[in-house]
file upload36.pdb (PDB, C-alpha atoms and all ligand atoms)
MODEL        1
ATOM      1  CA  MET X   1       0.000   0.000   0.000
ATOM      2  CA  SER X   2       1.183   3.526  -0.760
ATOM      3  CA  GLY X   3      -0.030   6.795   0.683
ATOM      4  CA  THR X   4      -2.727   8.711  -1.154
ATOM      5  CA  ASN X   5      -0.005  10.815  -2.769
ATOM      6  CA  SER X   6       0.950   9.188  -6.078
ATOM      7  CA  ALA X   7       4.547  10.456  -5.895
ATOM      8  CA  ALA X   8       7.311   7.893  -5.400
ATOM      9  CA  PRO X   9       7.490   6.898  -1.734
ATOM     10  CA  LEU X  10      10.112   8.692   0.359
ATOM     11  CA  VAL X  11       9.420   6.751   3.548
ATOM     12  CA  GLY X  12       8.865   3.035   4.007
ATOM     13  CA  ILE X  13       6.668   1.889   6.878
ATOM     14  CA  VAL X  14       7.353  -1.761   7.610
ATOM     15  CA  MET X  15       6.137  -4.022  10.380
ATOM     16  CA  GLY X  16       6.743  -7.550  11.515
ATOM     17  CA  SER X  17       3.139  -8.712  11.291
ATOM     18  CA  ARG X  18      -0.252  -7.585  10.079
ATOM     19  CA  SER X  19      -1.142  -7.469  13.781
ATOM     20  CA  ASP X  20       1.211  -4.465  14.108
ATOM     21  CA  TRP X  21      -0.923  -2.348  11.775
ATOM     22  CA  GLU X  22      -3.183  -1.213  14.622
ATOM     23  CA  THR X  23      -0.119   0.579  16.012
ATOM     24  CA  MET X  24       1.656   1.479  12.791
ATOM     25  CA  GLN X  25      -1.419   3.056  11.211
ATOM     26  CA  HIS X  26      -0.635   6.024  13.450
ATOM     27  CA  ALA X  27       2.610   6.543  11.539
ATOM     28  CA  ALA X  28       0.789   6.231   8.219
ATOM     29  CA  SER X  29      -1.917   8.719   9.136
ATOM     30  CA  LYS X  30       0.647  11.308  10.252
ATOM     31  CA  LEU X  31       2.677  10.961   7.053
ATOM     32  CA  GLU X  32      -0.490  11.224   5.023
ATOM     33  CA  ALA X  33      -1.582  14.368   6.870
ATOM     34  CA  LEU X  34       1.813  15.966   6.226
ATOM     35  CA  GLY X  35       1.877  15.052   2.534
ATOM     36  CA  VAL X  36       4.816  12.650   2.773
ATOM     37  CA  PRO X  37       4.673   9.933   0.086
ATOM     38  CA  PHE X  38       5.072   6.541   1.756
ATOM     39  CA  GLU X  39       4.625   2.807   1.290
ATOM     40  CA  VAL X  40       3.513   0.163   3.785
ATOM     41  CA  ARG X  41       4.717  -3.463   3.925
ATOM     42  CA  VAL X  42       4.675  -6.443   6.280
ATOM     43  CA  VAL X  43       8.285  -7.667   6.468
ATOM     44  CA  SER X  44       9.171 -10.152   9.179
ATOM     45  CA  ALA X  45      12.700 -10.672  10.478
ATOM     46  CA  HIS X  46      11.752 -14.206  11.504
ATOM     47  CA  ARG X  47       9.089 -15.365   9.053
ATOM     48  CA  THR X  48      10.326 -13.695   5.843
ATOM     49  CA  PRO X  49      14.031 -12.973   6.390
ATOM     50  CA  ASP X  50      14.844 -13.023   2.654
ATOM     51  CA  VAL X  51      12.176 -10.375   2.020
ATOM     52  CA  LEU X  52      13.702  -8.284   4.805
ATOM     53  CA  PHE X  53      17.147  -8.467   3.176
ATOM     54  CA  SER X  54      15.921  -7.531  -0.273
ATOM     55  CA  TYR X  55      13.695  -4.719   1.086
ATOM     56  CA  ALA X  56      16.631  -3.181   2.936
ATOM     57  CA  GLU X  57      19.122  -3.715   0.118
ATOM     58  CA  THR X  58      16.915  -1.992  -2.480
ATOM     59  CA  ALA X  59      15.396   0.732  -0.283
ATOM     60  CA  ALA X  60      17.911   3.489  -1.095
ATOM     61  CA  GLU X  61      17.974   2.811  -4.842
ATOM     62  CA  ARG X  62      14.163   2.915  -4.861
ATOM     63  CA  GLY X  63      14.333   6.444  -3.476
ATOM     64  CA  LEU X  64      13.389   5.907   0.150
ATOM     65  CA  ARG X  65      14.978   8.421   2.522
ATOM     66  CA  ALA X  66      14.067   6.622   5.759
ATOM     67  CA  ILE X  67      12.421   3.458   7.034
ATOM     68  CA  ILE X  68      10.001   3.387   9.955
ATOM     69  CA  ALA X  69      10.039  -0.153  11.331
ATOM     70  CA  GLY X  70       7.619  -1.433  13.959
ATOM     71  CA  ALA X  71       7.852  -4.796  15.663
ATOM     72  CA  GLY X  72       6.858  -6.471  18.889
ATOM     73  CA  GLY X  73       8.314  -9.092  21.193
ATOM     74  CA  ALA X  74      11.711 -10.288  19.963
ATOM     75  CA  ALA X  75      11.742  -7.213  17.751
ATOM     76  CA  HIS X  76      14.702  -7.785  15.466
ATOM     77  CA  LEU X  77      13.218  -6.095  12.397
ATOM     78  CA  PRO X  78      14.525  -2.526  12.861
ATOM     79  CA  GLY X  79      18.049  -3.645  13.781
ATOM     80  CA  MET X  80      18.297  -6.139  10.941
ATOM     81  CA  LEU X  81      17.050  -3.551   8.448
ATOM     82  CA  ALA X  82      19.658  -1.122   9.755
ATOM     83  CA  SER X  83      22.332  -3.764   9.301
ATOM     84  CA  LYS X  84      21.492  -4.022   5.577
ATOM     85  CA  THR X  85      20.976  -0.348   4.640
ATOM     86  CA  ALA X  86      22.667   2.947   5.461
ATOM     87  CA  LEU X  87      19.286   4.710   5.405
ATOM     88  CA  PRO X  88      18.063   6.010   8.748
ATOM     89  CA  VAL X  89      15.899   3.394  10.482
ATOM     90  CA  LEU X  90      13.321   4.654  12.994
ATOM     91  CA  GLY X  91      12.253   1.855  15.325
ATOM     92  CA  VAL X  92       8.814   1.617  16.902
ATOM     93  CA  PRO X  93       8.375  -0.891  19.741
ATOM     94  CA  VAL X  94       4.912  -2.425  19.401
ATOM     95  CA  GLN X  95       3.148  -3.100  22.710
ATOM     96  CA  SER X  96       3.315  -6.853  23.198
ATOM     97  CA  LYS X  97       0.708  -8.792  25.191
ATOM     98  CA  ALA X  98       3.072 -10.735  27.439
ATOM     99  CA  LEU X  99       5.458  -7.960  28.511
ATOM    100  CA  ASN X 100       3.635  -4.766  27.540
ATOM    101  CA  GLY X 101       6.263  -3.807  24.984
ATOM    102  CA  MET X 102       9.267  -3.745  27.317
ATOM    103  CA  ASP X 103      10.634  -6.689  25.327
ATOM    104  CA  SER X 104      10.066  -4.796  22.075
ATOM    105  CA  LEU X 105      11.664  -1.627  23.439
ATOM    106  CA  LEU X 106      14.781  -3.323  24.740
ATOM    107  CA  SER X 107      15.155  -5.433  21.593
ATOM    108  CA  ILE X 108      15.107  -2.296  19.441
ATOM    109  CA  VAL X 109      16.970   0.220  21.569
ATOM    110  CA  GLN X 110      19.957  -1.870  22.647
ATOM    111  CA  MET X 111      21.864  -1.875  19.384
ATOM    112  CA  PRO X 112      25.604  -2.478  19.408
ATOM    113  CA  ALA X 113      27.762   0.526  18.512
ATOM    114  CA  GLY X 114      28.066   0.908  14.754
ATOM    115  CA  ILE X 115      24.515   0.027  13.646
ATOM    116  CA  PRO X 116      22.157   2.726  14.946
ATOM    117  CA  VAL X 117      18.375   2.533  15.196
ATOM    118  CA  ALA X 118      16.539   5.658  16.386
ATOM    119  CA  THR X 119      14.100   4.260  18.919
ATOM    120  CA  PHE X 120      10.731   5.779  19.784
ATOM    121  CA  ALA X 121       8.159   5.263  22.531
ATOM    122  CA  ILE X 122       6.226   2.007  22.889
ATOM    123  CA  GLY X 123       2.975   1.916  20.933
ATOM    124  CA  ASN X 124       0.836   4.534  19.217
ATOM    125  CA  ALA X 125       2.788   7.560  20.438
ATOM    126  CA  GLY X 126       6.022   6.061  19.133
ATOM    127  CA  ALA X 127       4.476   5.357  15.740
ATOM    128  CA  ALA X 128       3.125   8.904  15.450
ATOM    129  CA  ASN X 129       6.399  10.451  16.596
ATOM    130  CA  ALA X 130       8.466   8.330  14.209
ATOM    131  CA  ALA X 131       6.385   9.770  11.363
ATOM    132  CA  LEU X 132       6.805  13.324  12.669
ATOM    133  CA  PHE X 133      10.543  12.730  12.959
ATOM    134  CA  ALA X 134      10.748  11.388   9.406
ATOM    135  CA  ALA X 135       8.869  14.464   8.210
ATOM    136  CA  ALA X 136      11.330  16.688  10.068
ATOM    137  CA  MET X 137      14.199  14.893   8.320
ATOM    138  CA  LEU X 138      12.562  15.630   4.950
ATOM    139  CA  ALA X 139      11.599  19.219   5.732
ATOM    140  CA  ARG X 140      14.509  20.915   3.957
ATOM    141  CA  GLU X 141      14.431  18.656   0.941
ATOM    142  CA  VAL X 142      10.640  18.944   0.530
ATOM    143  CA  PRO X 143       9.594  22.434   1.674
ATOM    144  CA  ALA X 144       5.863  21.594   1.521
ATOM    145  CA  VAL X 145       6.449  18.911   4.154
ATOM    146  CA  GLY X 146       8.361  21.420   6.301
ATOM    147  CA  ALA X 147       5.488  23.899   6.019
ATOM    148  CA  ALA X 148       2.936  21.183   6.898
ATOM    149  CA  LEU X 149       4.993  20.226   9.942
ATOM    150  CA  VAL X 150       5.168  23.828  11.161
ATOM    151  CA  ALA X 151       1.403  24.187  10.638
ATOM    152  CA  PHE X 152       0.759  20.966  12.587
ATOM    153  CA  ARG X 153       2.886  22.175  15.511
ATOM    154  CA  THR X 154       1.270  25.630  15.503
ATOM    155  CA  LYS X 155      -2.241  24.140  15.542
ATOM    156  CA  GLN X 156      -1.299  21.689  18.287
ATOM    157  CA  THR X 157      -0.092  24.557  20.450
ATOM    158  CA  SER X 158      -3.129  26.743  19.812
ATOM    159  CA  ASP X 159      -5.496  23.813  20.472
ATOM    160  CA  VAL X 160      -3.967  23.297  23.936
ATOM    161  CA  ILE X 161      -4.142  27.007  24.743
ATOM    162  CA  ALA X 162      -7.736  27.245  23.485
ATOM    163  CA  HIS X 163      -8.799  24.368  25.779
ATOM    164  CA  ASP X 164      -6.721  25.064  28.866
ATOM    165  CA  ASP X 165      -9.535  24.466  31.355
ATOM    166  CA  PRO X 166      -9.785  20.645  31.624
ATOM    167  CA  ARG X 167     -13.317  20.897  33.102
ATOM    168  CA  THR X 168     -14.774  22.236  29.856
TER
HETATM  169  C1  LIG X 201       6.532  -9.765  15.827
HETATM  170  O1  LIG X 201       5.764 -10.665  16.536
HETATM  171  C2  LIG X 201       5.567  -8.830  15.181
HETATM  172  O2  LIG X 201       6.171  -7.582  14.990
HETATM  173  C3  LIG X 201       4.409  -8.771  16.137
HETATM  174  O3  LIG X 201       4.429  -7.622  16.947
HETATM  175  C4  LIG X 201       4.613 -10.008  17.001
HETATM  176  C5  LIG X 201       3.434 -10.939  16.986
HETATM  177  O4  LIG X 201       3.152 -11.287  15.650
HETATM  178  P1  LIG X 201       1.838 -12.128  15.320
HETATM  179  O5  LIG X 201       1.976 -13.433  16.017
HETATM  180  O6  LIG X 201       0.659 -11.315  15.796
HETATM  181  O7  LIG X 201       1.834 -12.272  13.818
HETATM  182  O8  LIG X 201       7.320 -10.404  14.862
ENDMDL
END

call {"tool": "encode", "arguments": {"input": "upload36.pdb", "output": "structure tokens"}}
result
Amino acid sequence: MSGTNSAAPLVGIVMGSRSDWETMQHAASKLEALGVPFEVRVVSAHRTPDVLFSYAETAAERGLRAIIAGAGGAAHLPGMLASKTALPVLGVPVQSKALNGMDSLLSIVQMPAGIPVATFAIGNAGAANAALFAAAMLAREVPAVGAALVAFRTKQTSDVIAHDDPRT
């Protein structure tokens, strides 16, 4: 699946399982709102390792600028992608049932020196923030995305100020 924008995708959203979509849709909706062309794929480090390798190896030549990778449990996907591409990989720990996502978080964040993965919060907030971060990385290259990001931040601030009494 690609974003509604028909331009070539600049960001890849990948996840270890279809079950991760509930979380990762929050990254997709943010990219869509900011006008960032993106694609979405299920790529599993454990169930489809060959697909993972070819996705990572071809990502840069296909024009992607960054990969947002969400996974839960033994969440090897972001780190393995990072090991096969020099593109920035933004890792989203999906909230697992057994350990509430602590397993996902630690699996993604504790990379050995030399292969970085930028790691975000567990769950929906992490997915949304990974998308906002990817947009910030693209802001200079694609000025319309930069302008959309500034507008989003301005509206967010004014919405809080306009509703600063929590009783109403
Ligand atoms: C991980 O295992 C996926 O990222 C997912 O979060 C978790 C569970 O996958 P399913 O059993 O729901 O397919 O690889």

call {"tool": "residues_near_ligand", "arguments": {"input": "upload36.pdb", "ligand": "ligand LIG 201 (chain X)", "cutoff": "7 Å", "atoms": "all atoms listed in the file", "output": "list in words"}}
result
Met15, Gly16, Ser17, Arg18, Ser19, Asp20, Ser44, Ala45, His46, Gly70, Ala71, Gly72, Gly73, Ala74, Ala75, Val94 and Ser96 of chain X

call {"tool": "atom_distance", "arguments": {"input": "upload36.pdb", "atom1": "CA of Val43 (chain X)", "atom2": "CA of Val14 (chain X)"}}
result
6.1 Å

call {"tool": "closest_residue", "arguments": {"input": "upload36.pdb", "among": "X:Ala130, X:Ala162, X:Val142, X:Leu105", "to": "Pro37 (chain X)", "atoms": "only C-alpha atoms"}}
result
X:Val142

call {"tool": "closest_residue", "arguments": {"input": "upload36.pdb", "among": "X:Met80, X:Leu149, X:Val42, X:Val92", "to": "Thr23 (chain X)", "atoms": "all atoms listed in the file"}}
result
X:Val92

call {"tool": "atom_distance", "arguments": {"input": "upload36.pdb", "atom1": "CA of Gln95 (chain X)", "atom2": "CA of Ile122 (chain X)"}}
result
6.0 Å

call {"tool": "residues_near_point", "arguments": {"input": "upload36.pdb", "point": "(8.9, 9.6, 18.7)", "cutoff": "8 Å", "atoms": "all atoms listed in the file", "output": "list of chain:residue names"}}
result
X:Thr119, X:Phe120, X:Ala121, X:Ala125, X:Gly126, X:Ala127, X:Ala128, X:Asn129, X:Ala130, X:Ala131, X:Leu132, X:Phe133

call {"tool": "write_last_selection", "arguments": {"input": "upload36.pdb", "atoms": "C-alpha atoms", "output": "tab-separated table (two decimals), in the frame of the given file"}}
result
chain	number	residue	atom	x	y	z
X	119	THR	CA	14.10	4.26	18.92
X	120	PHE	CA	10.73	5.78	19.78
X	121	ALA	CA	8.16	5.26	22.53
X	125	ALA	CA	2.79	7.56	20.44
X	126	GLY	CA	6.02	6.06	19.13
X	127	ALA	CA	4.48	5.36	15.74
X	128	ALA	CA	3.12	8.90	15.45
X	129	ASN	CA	6.40	10.45	16.60
X	130	ALA	CA	8.47	8.33	14.21
X	131	ALA	CA	6.38	9.77	11.36
X	132	LEU	CA	6.80	13.32	12.67
X	133	PHE	CA	10.54	12.73	12.96

call {"tool": "residues_around", "arguments": {"input": "upload36.pdb", "residues": "region 60-65 of chain X", "least_positions_apart": "6", "cutoff": "10 Å", "atoms": "only C-alpha atoms", "output": "list in words"}}
result
Ala8, Pro9, Leu10, Val11, Gly12, Pro37, Phe38, Glu39, Thr85, Ala86, Leu87, Pro88, Val89, Ala134, Met137 and Leu138 of chain X

call {"tool": "atom_distance", "arguments": {"input": "upload36.pdb", "atom1": "CA of Ala27 (chain X)", "atom2": "CA of Pro78 (chain X)"}}
result
15.0 Å

call {"tool": "closest_residue", "arguments": {"input": "upload36.pdb", "among": "X:Ile13, X:Leu34, X:Met111, X:Ala151", "to": "Ala135 (chain X)", "atoms": "all atoms listed in the file"}}
result
X:Leu34

call {"tool": "resolve_selection", "arguments": {"input": "upload36.pdb", "expression": "the PyMOL selection byres (((chain X and resi 84) around 6) and not hetatm)", "output": "list of chain:residue names"}}
result
X:Ala56, X:Glu57, X:Leu81, X:Ala82, X:Ser83, X:Thr85

call {"tool": "residues_near_point", "arguments": {"input": "upload36.pdb", "point": "(-2.1, 21.6, 2.8)", "cutoff": "12 Å", "atoms": "all atoms listed in the file", "output": "number ranges by chain"}}
result
X: 32-36, 143-152

call {"tool": "closest_residue", "arguments": {"input": "upload36.pdb", "among": "X:His76, X:Lys97, X:Arg140, X:Arg153", "to": "Val117 (chain X)", "atoms": "all atoms listed in the file"}}
result
X:His76

call {"tool": "closest_residue", "arguments": {"input": "upload36.pdb", "among": "X:Gly101, X:Ala66, X:Gly79, X:Ala136", "to": "Gly114 (chain X)", "atoms": "all atoms listed in the file"}}
result
X:Gly79

call {"tool": "closest_residue", "arguments": {"input": "upload36.pdb", "among": "X:Ala28, X:Ala69, X:Ala139, X:Val160", "to": "Tyr55 (chain X)", "atoms": "all atoms listed in the file"}}
result
X:Ala69

call {"tool": "build_atoms", "arguments": {"input": "upload36.pdb", "residues": "region 30-60 of chain X", "atoms": "N, CA and C atoms", "output": "CSV table (one decimal), in the frame of the given file"}}
result
chain,number,residue,atom,x,y,z
X,30,LYS,N,-0.1,10.1,10.1
X,30,LYS,CA,0.6,11.3,10.3
X,30,LYS,C,1.4,11.7,8.9
X,31,LEU,N,2.0,10.7,8.3
X,31,LEU,CA,2.7,11.0,7.1
X,31,LEU,C,1.7,11.5,6.0
X,32,GLU,N,0.5,10.8,6.0
X,32,GLU,CA,-0.5,11.2,5.0
X,32,GLU,C,-0.9,12.7,5.3
X,33,ALA,N,-1.1,13.0,6.5
X,33,ALA,CA,-1.6,14.4,6.9
X,33,ALA,C,-0.5,15.4,6.5
X,34,LEU,N,0.7,15.0,6.5
X,34,LEU,CA,1.8,16.0,6.2
X,34,LEU,C,2.2,15.9,4.8
X,35,GLY,N,1.6,15.1,4.0
X,35,GLY,CA,1.9,15.1,2.5
X,35,GLY,C,3.2,14.4,2.2
X,36,VAL,N,3.6,13.4,3.0
X,36,VAL,CA,4.8,12.6,2.8
X,36,VAL,C,4.4,11.4,2.0
X,37,PRO,N,5.0,11.2,0.8
X,37,PRO,CA,4.7,9.9,0.1
X,37,PRO,C,5.3,8.7,0.8
X,38,PHE,N,4.5,7.7,1.0
X,38,PHE,CA,5.1,6.5,1.8
X,38,PHE,C,4.5,5.2,1.2
X,39,GLU,N,5.1,4.1,1.6
X,39,GLU,CA,4.6,2.8,1.3
X,39,GLU,C,4.5,2.0,2.6
X,40,VAL,N,3.7,1.0,2.6
X,40,VAL,CA,3.5,0.2,3.8
X,40,VAL,C,3.7,-1.3,3.4
X,41,ARG,N,4.5,-2.0,4.2
X,41,ARG,CA,4.7,-3.5,3.9
X,41,ARG,C,4.8,-4.3,5.2
X,42,VAL,N,4.4,-5.5,5.2
X,42,VAL,CA,4.7,-6.4,6.3
X,42,VAL,C,6.0,-7.2,5.9
X,43,VAL,N,7.0,-7.0,6.7
X,43,VAL,CA,8.3,-7.7,6.5
X,43,VAL,C,8.7,-8.2,7.8
X,44,SER,N,8.8,-9.5,7.9
X,44,SER,CA,9.2,-10.2,9.2
X,44,SER,C,10.6,-10.6,9.2
X,45,ALA,N,11.3,-10.2,10.3
X,45,ALA,CA,12.7,-10.7,10.5
X,45,ALA,C,12.8,-12.2,10.6
X,46,HIS,N,11.7,-12.8,11.2
X,46,HIS,CA,11.8,-14.2,11.5
X,46,HIS,C,11.0,-15.1,10.5
X,47,ARG,N,9.9,-14.5,10.0
X,47,ARG,CA,9.1,-15.4,9.1
X,47,ARG,C,9.5,-15.2,7.6
X,48,THR,N,9.9,-14.0,7.2
X,48,THR,CA,10.3,-13.7,5.8
X,48,THR,C,11.7,-13.0,5.8
X,49,PRO,N,12.7,-13.7,6.3
X,49,PRO,CA,14.0,-13.0,6.4
X,49,PRO,C,14.6,-12.6,5.0
X,50,ASP,N,14.3,-13.4,4.0
X,50,ASP,CA,14.8,-13.0,2.7
X,50,ASP,C,14.2,-11.8,2.1
X,51,VAL,N,12.9,-11.6,2.4
X,51,VAL,CA,12.2,-10.4,2.0
X,51,VAL,C,12.8,-9.2,2.8
X,52,LEU,N,13.1,-9.4,4.0
X,52,LEU,CA,13.7,-8.3,4.8
X,52,LEU,C,15.0,-7.8,4.1
X,53,PHE,N,15.8,-8.8,3.8
X,53,PHE,CA,17.1,-8.5,3.2
X,53,PHE,C,16.9,-7.7,1.9
X,54,SER,N,16.1,-8.2,1.0
X,54,SER,CA,15.9,-7.5,-0.3
X,54,SER,C,15.3,-6.2,-0.1
X,55,TYR,N,14.3,-6.0,0.8
X,55,TYR,CA,13.7,-4.7,1.1
X,55,TYR,C,14.8,-3.7,1.5
X,56,ALA,N,15.6,-4.1,2.4
X,56,ALA,CA,16.6,-3.2,2.9
X,56,ALA,C,17.7,-2.9,1.9
X,57,GLU,N,18.1,-3.9,1.1
X,57,GLU,CA,19.1,-3.7,0.1
X,57,GLU,C,18.7,-2.8,-1.0
X,58,THR,N,17.4,-2.8,-1.3
X,58,THR,CA,16.9,-2.0,-2.5
X,58,THR,C,16.3,-0.7,-2.1
X,59,ALA,N,16.2,-0.4,-0.8
X,59,ALA,CA,15.4,0.7,-0.3
X,59,ALA,C,16.0,2.0,-0.8
X,60,ALA,N,17.3,2.2,-0.7
X,60,ALA,CA,17.9,3.5,-1.1
X,60,ALA,C,17.8,3.7,-2.6
